[in-house]
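Worksheet: the structure to be examined is printed underneath.
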Amino acid sequence: MRAKTLADSTKQSTQSLYIQKLVIAYNGNKTTEIFMEKVHTTCIYCGCGCGLFLHVENNRVIGASPSPLHPMSRGRLCIKGWLAGEFVGHPERLRHPLVRQREMFVRVPWEEALSLTATRLKEISRESGSESVGILTSAKGTNEENYLFMKLARAGLKTNNIDHVARLCHAPTVAGLGYAFGSGAMTNPISSLKEADAILVVGSNTTEQHPLIASYILKARARGAELIVADPRRTQIADLASIWLAPRPGTDIAWINALQNFIIQEGLTDEDFISTRTEGFEAVRQAVSVCTRELSERVSGIPAKDLKEAALAFGSAERGAVVYAMGITQHAAGTDNVQALANLVLMTGNIGREGTGLYPLRGHQNVQGACDMGALPDLYSGYQKVDLAREKFAEAWSTSLPEEPGQTALEMLESALEGRLKGLLIVGENPMMSYPDRTRIKKALEALEFLAVCEIFPTETTDLADVILPAASFAEKDGTFTSTERRIQRVRRAVPPPGEARAEWKVARDLLRRMGVAADYSSAADVMDEIARVTPIYGGVAYDRLDLKGLQWPCPSRDHPGTGILHSEKFSIGRARFRAVEHCEPFEAPDEEYPLILTTGRSLYHFHTGTMTRRTSLLEREVLQPTVEISPDDAKRMNIRNGQRVEVETRRGSICLEARVTQNVPAGTIFVPFHFCEAAANALTAQALDPKSKIPELKASAARIRRAKG
Ligand code: SF4
């Protein structure tokens, strides 16, 4: 039996742009017809937000392929995108609601699981006050889901204790850029990068974490643009750079201030832009005037001559762009790091034009959307402040709402340890793997009186739950994701969820009803209509407008085409704000006992805590086990060979894994990826918080390493 080519055998052509039905005829003794659908949706993994088709046969996802017309990905996907459908049909999916009874999970009807969840959370709230309950929602969930869980916390449980994983990745971006520009979002479309004359990439392993964004950076590089990469590790993009700066982890402000000082001394600032569009420059000029390149070299380890070269390349570019990711944000000085980069683009006038701008790269596919939807303790959807917008939302939702801002994710878990937070609903997050200091997180979750978890797979967190609610994956529900370039895009149901699993927006709706809040939604589109009514930056968004390209916010009205470049004419706060920032030592400097700096991050082949990618056979095959990267100098000094099992230890705990001796990390630094539960990097990291955004210091912990026993 030989299959005809797809082109030969397609009897029924495209029915619509979004759902294509194909009938494939196979030749043989007799002709067999196989029906296949291609459903247009958005990738579940990183914030690039690539468009893809899921291929469906007999209600099963059998593959994925790129969307040729997508404005950013343009017919391309990275390996994770090509394999995005494989985990959907995995046999370990959660299929039925489960309730813990005498240390065993017992299958129960949805009615019982939902009623138990609503009743227990309300009971705890009544007995111990509304601050004793909270919700952690998910950057993997849709906008509609995040909006409804935000509403559930505020209108149902009367608490602002609502947060999500942005607290551990881009909370400093929301706080830092919100202050500097009036909007904590990427300033330009991703494609604008290809027009830049100089690109500074800081703390972003772009070719592995955001491969499609890297393709635009490399297009600019091929055109002759200067590419300056600052990263302690020699990543692939550092290898492709014209200038690689390797700062010690936790010293970014020291070298960025020195870079600015040199740009000012050389007269490379844009005085016209500074005087007409900004305020507060004089304080920054004074603050950085003492930051010499020699001082920066002593603190950061970056040679003064390399910093001079980078300053001249960036400062003299007609169009300069700055790209950053969690190497900048995941520090106890995360918000100040972001402000330092904002100061740089403002003083060089690199904002509001094609090829310029500041590009925070969001890790999850919908961390931008979850922030937009107000899954944050101090903001409603559209970044409307709790104190200013409470009455507006109370009227829209016909209910009373809490006044005080709530607790952030780690504050909630700290409260749990102290017995103040007693009930928690976690939706699509796995804090046992993704939050710092795993031992402490486990104690906090175990201390709760009631924990409900809504998930697609069993995780280290569902193991601790009282109720497990089985959720639909991205392939099994309708909704929208908002990519890192503020592009709101459709997610479409391609197959039914397994067993009794349900879309989380339905779970949130049903919990709202059980808590006495009106929730008259019959579809995800109804939820988006409400979002548009109460969220000015999404005011013109509706499903019938979200074609293959989506819409970039702000999109305030039905006739608005969306916004590509922000701040081109004016900032929403009038003038952009400079703020002087100073270098502070990281929370944990290396010492005699713990002489190395541990930094953590991702691999190209895995995503976050590995819940989905470690159930994707081809991706799992690429990285068979976790490794710790160590420099040849350190390895020699500690008598460690490549491939040997070693123990990495910090003041919080220890893990055993294989050593990978590589020139890619400098002496004094080791690197562990955080996807692997068998060697959980977050058993080692600390909970030192940035006072402004409350992000923990995940990128710099004092550590030691030795050959494993046995
Ligand atoms: Fe998916 Fe990101 Fe890869 Fe695009 S670059 S296919 S969004 S993982």
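In the structure tokens, chains take letters A, B, ... by order of appearance, with residues numbered from 1 within each chain and ligands from 1 in the order shown.
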
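Omitting range 621-633 of chain A and its sequence neighbours fewer than 4 positions away, and counting only C-alpha atoms, the residues within 8 Å are A:Tyr605, A:Ser617, A:Arg637, A:Leu657, A:Glu658, A:Ala659, A:Arg660, A:Val661, A:Thr662, A:Gln663, A:Asn664, A:Val665, A:Pro666, A:Ala667, A:Gly668, A:Thr669, A:Ile670, A:Phe671, A:Val672, A:Pro673, A:Phe676, A:Ala679.
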
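Considering only C-alpha atoms and all ligand atoms, every residue of the polymer chains approaching ligand 1 to 8 Å or closer is listed here: Thr42, Cys43, Ile44, Tyr45, Cys46, Gly47, Cys48, Gly49, Cys50, Gly51, Leu52, Ser73, Arg76, Leu77, Cys78, Ile79, Lys80, Gly81, Trp82, Ala84, Gln209, His210, Pro211, Leu212, Ile213 and Gln365 of chain A.
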
Q) Using only C-alpha atoms, which residues sit within 10 Å of Ala241 in chain A once same-chain residues fewer than 2 positions away are excluded, as a list in words? A) Ile199, Leu200, Val201, Leu218, Arg221, Ala225, Glu226, Leu227, Ile228, Val229, Ala230, Thr235, Gln236, Ile237, Ala238, Asp239, Ile243, Trp244 and Leu245 of chain A

Store the residues picked out above, limited to N, CA and C atoms, as a compact mmCIF listing (two decimals), in the first residue's frame.
# COMPACT_ATOMS: atom_id res chain seq x y z
N ILE A 199 22.45 45.54 18.50
CA ILE A 199 21.55 44.84 19.44
C ILE A 199 22.38 44.40 20.64
N LEU A 200 21.92 44.80 21.82
CA LEU A 200 22.55 44.35 23.06
C LEU A 200 21.64 43.28 23.66
N VAL A 201 22.14 42.05 23.76
CA VAL A 201 21.37 40.94 24.35
C VAL A 201 21.95 40.67 25.74
N LEU A 218 19.61 37.41 14.31
CA LEU A 218 20.66 36.95 13.39
C LEU A 218 20.49 37.53 11.99
N ARG A 221 22.18 40.75 12.29
CA ARG A 221 23.63 40.49 12.32
C ARG A 221 24.15 40.24 10.90
N ALA A 225 24.67 44.39 11.45
CA ALA A 225 24.45 45.02 12.76
C ALA A 225 25.44 44.47 13.77
N GLU A 226 25.83 45.34 14.72
CA GLU A 226 26.68 44.89 15.82
C GLU A 226 25.83 44.06 16.77
N LEU A 227 26.32 42.93 17.19
CA LEU A 227 25.61 42.11 18.17
C LEU A 227 26.50 41.99 19.41
N ILE A 228 26.01 42.58 20.51
CA ILE A 228 26.76 42.55 21.78
C ILE A 228 25.97 41.63 22.72
N VAL A 229 26.60 40.60 23.22
CA VAL A 229 25.91 39.67 24.12
C VAL A 229 26.59 39.70 25.48
N ALA A 230 25.80 39.91 26.52
CA ALA A 230 26.33 39.87 27.89
C ALA A 230 25.72 38.67 28.60
N THR A 235 27.13 31.10 25.44
CA THR A 235 26.00 30.45 24.79
C THR A 235 26.21 30.52 23.27
N GLN A 236 25.28 29.90 22.56
CA GLN A 236 25.42 29.93 21.10
C GLN A 236 25.34 31.36 20.56
N ILE A 237 24.44 32.16 21.14
CA ILE A 237 24.32 33.53 20.62
C ILE A 237 25.54 34.36 21.02
N ALA A 238 26.17 34.03 22.16
CA ALA A 238 27.41 34.71 22.53
C ALA A 238 28.50 34.38 21.51
N ASP A 239 28.49 33.14 21.04
CA ASP A 239 29.47 32.71 20.03
C ASP A 239 29.29 33.47 18.72
N ILE A 243 30.70 41.15 19.99
CA ILE A 243 31.35 41.39 21.28
C ILE A 243 30.64 40.53 22.33
N TRP A 244 31.41 39.72 23.04
CA TRP A 244 30.83 38.93 24.15
C TRP A 244 31.37 39.47 25.46
N LEU A 245 30.47 39.89 26.33
CA LEU A 245 30.83 40.34 27.67
C LEU A 245 30.39 39.24 28.64

Q: Once DSSP has gone over the backbone, tell me which residues of range 296-363 of chain A are in helix (DSSP H, G or I), as a PyMOL selection string.
A: chain A and resi 296-300+304-315+326-329+334-347

Q. Counting only C-alpha atoms, what is within 8 Å of Met373 in chain A, bar same-chain residues fewer than 6 positions away, as a ChimeraX atom specification?
A. /A:143,146-147,150,380-383

Export of the given selection (all heavy atoms) as a PDB file, in the first residue's frame:
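Contents of the output file out16.pdb:
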ATOM      1  N   ASN A 143      -5.882  33.546  28.364  1.00  0.00           N
ATOM      2  CA  ASN A 143      -6.289  34.830  28.957  1.00  0.00           C
ATOM      3  C   ASN A 143      -7.627  34.687  29.673  1.00  0.00           C
ATOM      4  O   ASN A 143      -7.818  35.218  30.772  1.00  0.00           O
ATOM      5  CB  ASN A 143      -6.415  35.902  27.864  1.00  0.00           C
ATOM      6  CG  ASN A 143      -5.065  36.320  27.329  1.00  0.00           C
ATOM      7  OD1 ASN A 143      -4.097  36.398  28.076  1.00  0.00           O
ATOM      8  ND2 ASN A 143      -4.986  36.559  26.037  1.00  0.00           N
ATOM      9  N   ASN A 146      -7.184  32.980  33.012  1.00  0.00           N
ATOM     10  CA  ASN A 146      -6.537  33.840  34.002  1.00  0.00           C
ATOM     11  C   ASN A 146      -7.488  34.935  34.483  1.00  0.00           C
ATOM     12  O   ASN A 146      -7.518  35.262  35.667  1.00  0.00           O
ATOM     13  CB  ASN A 146      -5.248  34.437  33.427  1.00  0.00           C
ATOM     14  CG  ASN A 146      -4.083  33.482  33.585  1.00  0.00           C
ATOM     15  OD1 ASN A 146      -3.573  33.300  34.679  1.00  0.00           O
ATOM     16  ND2 ASN A 146      -3.687  32.832  32.513  1.00  0.00           N
ATOM     17  N   TYR A 147      -8.271  35.467  33.563  1.00  0.00           N
ATOM     18  CA  TYR A 147      -9.235  36.496  33.948  1.00  0.00           C
ATOM     19  C   TYR A 147     -10.258  35.923  34.936  1.00  0.00           C
ATOM     20  O   TYR A 147     -10.555  36.529  35.971  1.00  0.00           O
ATOM     21  CB  TYR A 147      -9.934  37.039  32.696  1.00  0.00           C
ATOM     22  CG  TYR A 147     -11.022  38.033  32.992  1.00  0.00           C
ATOM     23  CD1 TYR A 147     -10.721  39.369  33.227  1.00  0.00           C
ATOM     24  CD2 TYR A 147     -12.358  37.627  33.077  1.00  0.00           C
ATOM     25  CE1 TYR A 147     -11.730  40.283  33.525  1.00  0.00           C
ATOM     26  CE2 TYR A 147     -13.364  38.523  33.373  1.00  0.00           C
ATOM     27  CZ  TYR A 147     -13.052  39.848  33.594  1.00  0.00           C
ATOM     28  OH  TYR A 147     -14.046  40.747  33.901  1.00  0.00           O
ATOM     29  N   MET A 150      -8.756  35.241  38.305  1.00  0.00           N
ATOM     30  CA  MET A 150      -8.563  36.532  38.966  1.00  0.00           C
ATOM     31  C   MET A 150      -9.898  37.000  39.564  1.00  0.00           C
ATOM     32  O   MET A 150      -9.965  37.458  40.712  1.00  0.00           O
ATOM     33  CB  MET A 150      -8.035  37.533  37.923  1.00  0.00           C
ATOM     34  CG  MET A 150      -7.768  38.927  38.403  1.00  0.00           C
ATOM     35  SD  MET A 150      -9.204  40.021  38.366  1.00  0.00           S
ATOM     36  CE  MET A 150      -9.359  40.412  36.626  1.00  0.00           C
ATOM     37  N   TYR A 380      -5.763  44.890  38.585  1.00  0.00           N
ATOM     38  CA  TYR A 380      -6.817  44.226  37.811  1.00  0.00           C
ATOM     39  C   TYR A 380      -6.346  44.098  36.364  1.00  0.00           C
ATOM     40  O   TYR A 380      -5.226  44.521  36.020  1.00  0.00           O
ATOM     41  CB  TYR A 380      -8.101  45.059  37.851  1.00  0.00           C
ATOM     42  CG  TYR A 380      -8.847  44.971  39.159  1.00  0.00           C
ATOM     43  CD1 TYR A 380      -8.704  45.953  40.132  1.00  0.00           C
ATOM     44  CD2 TYR A 380      -9.706  43.908  39.419  1.00  0.00           C
ATOM     45  CE1 TYR A 380      -9.387  45.881  41.336  1.00  0.00           C
ATOM     46  CE2 TYR A 380     -10.399  43.822  40.615  1.00  0.00           C
ATOM     47  CZ  TYR A 380     -10.229  44.814  41.573  1.00  0.00           C
ATOM     48  OH  TYR A 380     -10.904  44.730  42.758  1.00  0.00           O
ATOM     49  N   SER A 381      -7.184  43.550  35.508  1.00  0.00           N
ATOM     50  CA  SER A 381      -6.799  43.378  34.107  1.00  0.00           C
ATOM     51  C   SER A 381      -6.451  44.737  33.491  1.00  0.00           C
ATOM     52  O   SER A 381      -7.013  45.771  33.864  1.00  0.00           O
ATOM     53  CB  SER A 381      -7.928  42.707  33.321  1.00  0.00           C
ATOM     54  OG  SER A 381      -9.106  43.462  33.449  1.00  0.00           O
ATOM     55  N   GLY A 382      -5.501  44.702  32.543  1.00  0.00           N
ATOM     56  CA  GLY A 382      -5.070  45.940  31.894  1.00  0.00           C
ATOM     57  C   GLY A 382      -4.257  46.830  32.807  1.00  0.00           C
ATOM     58  O   GLY A 382      -4.175  48.041  32.593  1.00  0.00           O
ATOM     59  N   TYR A 383      -3.637  46.262  33.855  1.00  0.00           N
ATOM     60  CA  TYR A 383      -2.742  46.983  34.768  1.00  0.00           C
ATOM     61  C   TYR A 383      -3.455  48.121  35.502  1.00  0.00           C
ATOM     62  O   TYR A 383      -2.873  49.140  35.815  1.00  0.00           O
ATOM     63  CB  TYR A 383      -1.489  47.481  34.002  1.00  0.00           C
ATOM     64  CG  TYR A 383      -0.823  46.317  33.310  1.00  0.00           C
ATOM     65  CD1 TYR A 383      -1.094  46.031  31.974  1.00  0.00           C
ATOM     66  CD2 TYR A 383       0.003  45.457  34.008  1.00  0.00           C
ATOM     67  CE1 TYR A 383      -0.543  44.916  31.355  1.00  0.00           C
ATOM     68  CE2 TYR A 383       0.556  44.342  33.393  1.00  0.00           C
ATOM     69  CZ  TYR A 383       0.277  44.079  32.073  1.00  0.00           C
ATOM     70  OH  TYR A 383       0.805  42.981  31.467  1.00  0.00           O
TER      71      TYR A 383
END

Q: Identify which of the residues A:Asp306, A:Asp270, A:Asp387, A:Glu127 lies closest to Leu344 in chain A, counting only C-alpha atoms when measuring atom-to-atom distances.
A: A:Asp270

Q. Which residues, written as a PyMOL selection string, have at least one atom at most 9 Å from range 158-162 of chain A, with only C-alpha atoms counted and residues fewer than 3 positions away on the same chain left out?
A. chain A and resi 125+130-137+149-150+152-155+374-379+386+400-409+412

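Pairwise distance (CA of Gly129 in chain A, CA of Gly419 in chain A) equals 12.5 Å.
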
Q: Would you please work out which residue, of A:Arg298, A:Lys122, A:Arg74, A:His96, is nearest to Ala501 in chain A when using only C-alpha atoms?
A: A:His96

Q: Please run DSSP on the backbone and report, as a ChimeraX atom specification, all residues within range 240-379 of chain A that come out as strand (DSSP E or B).
A: /A:243-245,278-279,320-324,357-360,364,376,379

Include N, CA, C and O atoms and write out the residues we just selected as a PDB file, in the first residue's frame.
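Result went into again-v5.pdb, see below:
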ATOM      1  N   ILE A 243      30.701  41.145  19.988  1.00  0.00           N
ATOM      2  CA  ILE A 243      31.350  41.390  21.281  1.00  0.00           C
ATOM      3  C   ILE A 243      30.638  40.532  22.327  1.00  0.00           C
ATOM      4  O   ILE A 243      29.408  40.596  22.459  1.00  0.00           O
ATOM      5  N   TRP A 244      31.406  39.719  23.040  1.00  0.00           N
ATOM      6  CA  TRP A 244      30.825  38.933  24.148  1.00  0.00           C
ATOM      7  C   TRP A 244      31.368  39.472  25.458  1.00  0.00           C
ATOM      8  O   TRP A 244      32.582  39.512  25.669  1.00  0.00           O
ATOM      9  N   LEU A 245      30.465  39.886  26.329  1.00  0.00           N
ATOM     10  CA  LEU A 245      30.827  40.338  27.670  1.00  0.00           C
ATOM     11  C   LEU A 245      30.388  39.242  28.638  1.00  0.00           C
ATOM     12  O   LEU A 245      29.256  38.768  28.552  1.00  0.00           O
ATOM     13  N   THR A 278      11.776  63.016  28.289  1.00  0.00           N
ATOM     14  CA  THR A 278      12.094  62.293  29.537  1.00  0.00           C
ATOM     15  C   THR A 278      12.243  63.253  30.706  1.00  0.00           C
ATOM     16  O   THR A 278      12.324  64.470  30.526  1.00  0.00           O
ATOM     17  N   GLU A 279      12.344  62.679  31.918  1.00  0.00           N
ATOM     18  CA  GLU A 279      12.664  63.474  33.104  1.00  0.00           C
ATOM     19  C   GLU A 279      13.604  62.669  34.001  1.00  0.00           C
ATOM     20  O   GLU A 279      13.611  61.436  33.971  1.00  0.00           O
ATOM     21  N   GLY A 320      19.397  51.337  17.952  1.00  0.00           N
ATOM     22  CA  GLY A 320      19.885  50.343  18.909  1.00  0.00           C
ATOM     23  C   GLY A 320      18.714  49.670  19.620  1.00  0.00           C
ATOM     24  O   GLY A 320      17.709  50.315  19.943  1.00  0.00           O
ATOM     25  N   ALA A 321      18.817  48.368  19.836  1.00  0.00           N
ATOM     26  CA  ALA A 321      17.759  47.615  20.529  1.00  0.00           C
ATOM     27  C   ALA A 321      18.393  46.832  21.673  1.00  0.00           C
ATOM     28  O   ALA A 321      19.536  46.395  21.570  1.00  0.00           O
ATOM     29  N   VAL A 322      17.639  46.667  22.755  1.00  0.00           N
ATOM     30  CA  VAL A 322      18.123  45.897  23.904  1.00  0.00           C
ATOM     31  C   VAL A 322      17.157  44.748  24.166  1.00  0.00           C
ATOM     32  O   VAL A 322      15.947  44.961  24.308  1.00  0.00           O
ATOM     33  N   VAL A 323      17.688  43.536  24.192  1.00  0.00           N
ATOM     34  CA  VAL A 323      16.909  42.319  24.423  1.00  0.00           C
ATOM     35  C   VAL A 323      17.359  41.754  25.766  1.00  0.00           C
ATOM     36  O   VAL A 323      18.558  41.664  26.019  1.00  0.00           O
ATOM     37  N   TYR A 324      16.410  41.375  26.620  1.00  0.00           N
ATOM     38  CA  TYR A 324      16.832  40.747  27.875  1.00  0.00           C
ATOM     39  C   TYR A 324      15.827  39.692  28.303  1.00  0.00           C
ATOM     40  O   TYR A 324      14.680  39.675  27.869  1.00  0.00           O
ATOM     41  N   GLY A 357      14.297  49.980  20.719  1.00  0.00           N
ATOM     42  CA  GLY A 357      13.364  49.504  21.733  1.00  0.00           C
ATOM     43  C   GLY A 357      13.955  48.532  22.730  1.00  0.00           C
ATOM     44  O   GLY A 357      15.122  48.141  22.659  1.00  0.00           O
ATOM     45  N   LEU A 358      13.105  48.167  23.666  1.00  0.00           N
ATOM     46  CA  LEU A 358      13.478  47.272  24.754  1.00  0.00           C
ATOM     47  C   LEU A 358      12.601  46.024  24.645  1.00  0.00           C
ATOM     48  O   LEU A 358      11.369  46.122  24.580  1.00  0.00           O
ATOM     49  N   TYR A 359      13.234  44.854  24.649  1.00  0.00           N
ATOM     50  CA  TYR A 359      12.543  43.601  24.339  1.00  0.00           C
ATOM     51  C   TYR A 359      12.684  42.611  25.504  1.00  0.00           C
ATOM     52  O   TYR A 359      13.611  41.799  25.520  1.00  0.00           O
ATOM     53  N   PRO A 360      11.787  42.663  26.510  1.00  0.00           N
ATOM     54  CA  PRO A 360      11.800  41.620  27.539  1.00  0.00           C
ATOM     55  C   PRO A 360      11.234  40.331  26.937  1.00  0.00           C
ATOM     56  O   PRO A 360      10.132  40.337  26.388  1.00  0.00           O
ATOM     57  N   HIS A 364       7.083  31.785  29.338  1.00  0.00           N
ATOM     58  CA  HIS A 364       5.894  31.001  28.990  1.00  0.00           C
ATOM     59  C   HIS A 364       5.143  31.670  27.839  1.00  0.00           C
ATOM     60  O   HIS A 364       5.215  32.883  27.668  1.00  0.00           O
ATOM     61  N   LEU A 376      -2.377  39.192  39.317  1.00  0.00           N
ATOM     62  CA  LEU A 376      -1.345  39.854  40.121  1.00  0.00           C
ATOM     63  C   LEU A 376      -2.025  40.477  41.335  1.00  0.00           C
ATOM     64  O   LEU A 376      -3.166  40.946  41.232  1.00  0.00           O
ATOM     65  N   LEU A 379      -3.044  44.457  40.873  1.00  0.00           N
ATOM     66  CA  LEU A 379      -3.564  44.990  39.607  1.00  0.00           C
ATOM     67  C   LEU A 379      -4.751  44.180  39.093  1.00  0.00           C
ATOM     68  O   LEU A 379      -4.735  42.952  39.161  1.00  0.00           O
TER      69      LEU A 379
END

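Taking CA of Lys38 in chain A as the reference point, CA of Glu485 in chain A is found at 25.5 Å.
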
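The interatomic distance for the pair CA of Thr356 in chain A and CA of Ile263 in chain A works out to 16.9 Å.
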
Q: Excluding Ala166 in chain A and any residue of its chain fewer than 2 positions from it, enumerate the residues within 10 Å of it, using only C-alpha atoms, and give them as a PyMOL selection string.
A: chain A and resi 138-139+163-164+168-174+362-364+366-368+370-371+375-376+409+695

Can you write just those residues out, N, CA, C and O atoms, as a short mmCIF file (atom, residue, chain, number, x, y, z; two decimals), in the first residue's frame?
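Output file selection29.cif is given in full below:
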data_model
loop_
_atom_site.label_atom_id
_atom_site.label_comp_id
_atom_site.auth_asym_id
_atom_site.auth_seq_id
_atom_site.Cartn_x
_atom_site.Cartn_y
_atom_site.Cartn_z
N SER A 138 -1.98 30.46 36.19
CA SER A 138 -0.94 29.89 35.33
C SER A 138 -0.65 30.70 34.08
O SER A 138 -1.58 31.09 33.37
N ALA A 139 0.65 30.87 33.80
CA ALA A 139 1.06 31.50 32.54
C ALA A 139 0.92 30.52 31.38
O ALA A 139 1.15 30.89 30.23
N ASP A 163 -1.75 35.41 42.21
CA ASP A 163 -0.45 35.64 41.59
C ASP A 163 -0.15 34.46 40.67
O ASP A 163 -0.91 33.48 40.62
N HIS A 164 0.94 34.54 39.95
CA HIS A 164 1.31 33.44 39.06
C HIS A 164 2.80 33.51 38.78
O HIS A 164 3.51 34.33 39.36
N LEU A 168 8.11 34.97 39.21
CA LEU A 168 9.43 34.34 39.20
C LEU A 168 10.17 34.59 37.89
O LEU A 168 11.24 34.02 37.67
N CYS A 169 9.58 35.38 36.99
CA CYS A 169 10.32 35.64 35.75
C CYS A 169 10.31 37.13 35.38
O CYS A 169 11.36 37.74 35.28
N HIS A 170 9.14 37.73 35.19
CA HIS A 170 9.15 39.09 34.67
C HIS A 170 8.42 40.10 35.56
O HIS A 170 8.04 41.17 35.07
N ALA A 171 8.25 39.80 36.85
CA ALA A 171 7.69 40.82 37.75
C ALA A 171 8.54 42.10 37.73
O ALA A 171 8.00 43.21 37.75
N PRO A 172 9.88 42.00 37.65
CA PRO A 172 10.68 43.24 37.57
C PRO A 172 10.41 44.03 36.29
O PRO A 172 10.55 45.26 36.28
N THR A 173 10.02 43.34 35.22
CA THR A 173 9.69 44.05 33.98
C THR A 173 8.41 44.85 34.16
O THR A 173 8.32 46.02 33.77
N VAL A 174 7.40 44.20 34.77
CA VAL A 174 6.13 44.90 35.01
C VAL A 174 6.38 46.12 35.90
O VAL A 174 5.92 47.22 35.60
N ARG A 362 9.53 36.98 27.28
CA ARG A 362 8.73 36.22 28.24
C ARG A 362 8.94 34.73 28.01
O ARG A 362 8.93 34.27 26.87
N GLY A 363 9.07 33.99 29.11
CA GLY A 363 9.37 32.56 29.00
C GLY A 363 8.18 31.74 28.58
O GLY A 363 8.21 31.06 27.55
N HIS A 364 7.08 31.78 29.34
CA HIS A 364 5.89 31.00 28.99
C HIS A 364 5.14 31.67 27.84
O HIS A 364 5.21 32.88 27.67
N ASN A 366 2.11 32.39 27.65
CA ASN A 366 1.10 33.39 28.00
C ASN A 366 1.40 34.11 29.30
O ASN A 366 0.48 34.54 30.00
N VAL A 367 2.67 34.29 29.60
CA VAL A 367 2.97 35.04 30.82
C VAL A 367 2.60 36.52 30.60
O VAL A 367 2.15 37.21 31.52
N GLN A 368 2.71 36.99 29.36
CA GLN A 368 2.27 38.37 29.07
C GLN A 368 0.76 38.48 29.32
O GLN A 368 0.29 39.41 29.98
N ALA A 370 -1.24 36.53 31.15
CA ALA A 370 -1.63 36.35 32.55
C ALA A 370 -1.43 37.65 33.33
O ALA A 370 -2.24 38.00 34.19
N CYS A 371 -0.35 38.38 33.01
CA CYS A 371 -0.15 39.71 33.63
C CYS A 371 -1.23 40.67 33.12
O CYS A 371 -1.84 41.40 33.91
N ALA A 375 -3.71 38.73 36.88
CA ALA A 375 -3.42 37.63 37.82
C ALA A 375 -2.24 38.06 38.69
O ALA A 375 -1.22 37.38 38.78
N LEU A 376 -2.38 39.19 39.32
CA LEU A 376 -1.34 39.85 40.12
C LEU A 376 -2.03 40.48 41.34
O LEU A 376 -3.17 40.95 41.23
N ALA A 409 3.22 35.45 45.24
CA ALA A 409 3.27 33.99 45.32
C ALA A 409 4.11 33.52 46.50
O ALA A 409 3.66 32.71 47.32
N ILE A 695 10.59 39.28 43.24
CA ILE A 695 11.13 38.12 42.52
C ILE A 695 12.29 37.55 43.34
O ILE A 695 13.06 38.31 43.95
#

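Take the candidates A:Gly349, A:Arg487, A:His331, A:Phe481 and check each one against Ile274 in chain A using only C-alpha atoms; the shortest distance goes to A:Gly349.
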
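Among the candidates A:Ala185, A:Ile253, A:Val202, A:Ala524, the residue lying nearest to Trp505 in chain A is A:Ala524 (atoms considered: only C-alpha atoms).
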
Q. Leaving out Glu530 in chain A and any residue of its chain fewer than 3 positions from it, which residues lie within 12 Å of it when counting only C-alpha atoms, given as a PyMOL selection string?
A. chain A and resi 143-144+147-148+151+373+381+393+396-397+519-521+523-527+533-536+538-542
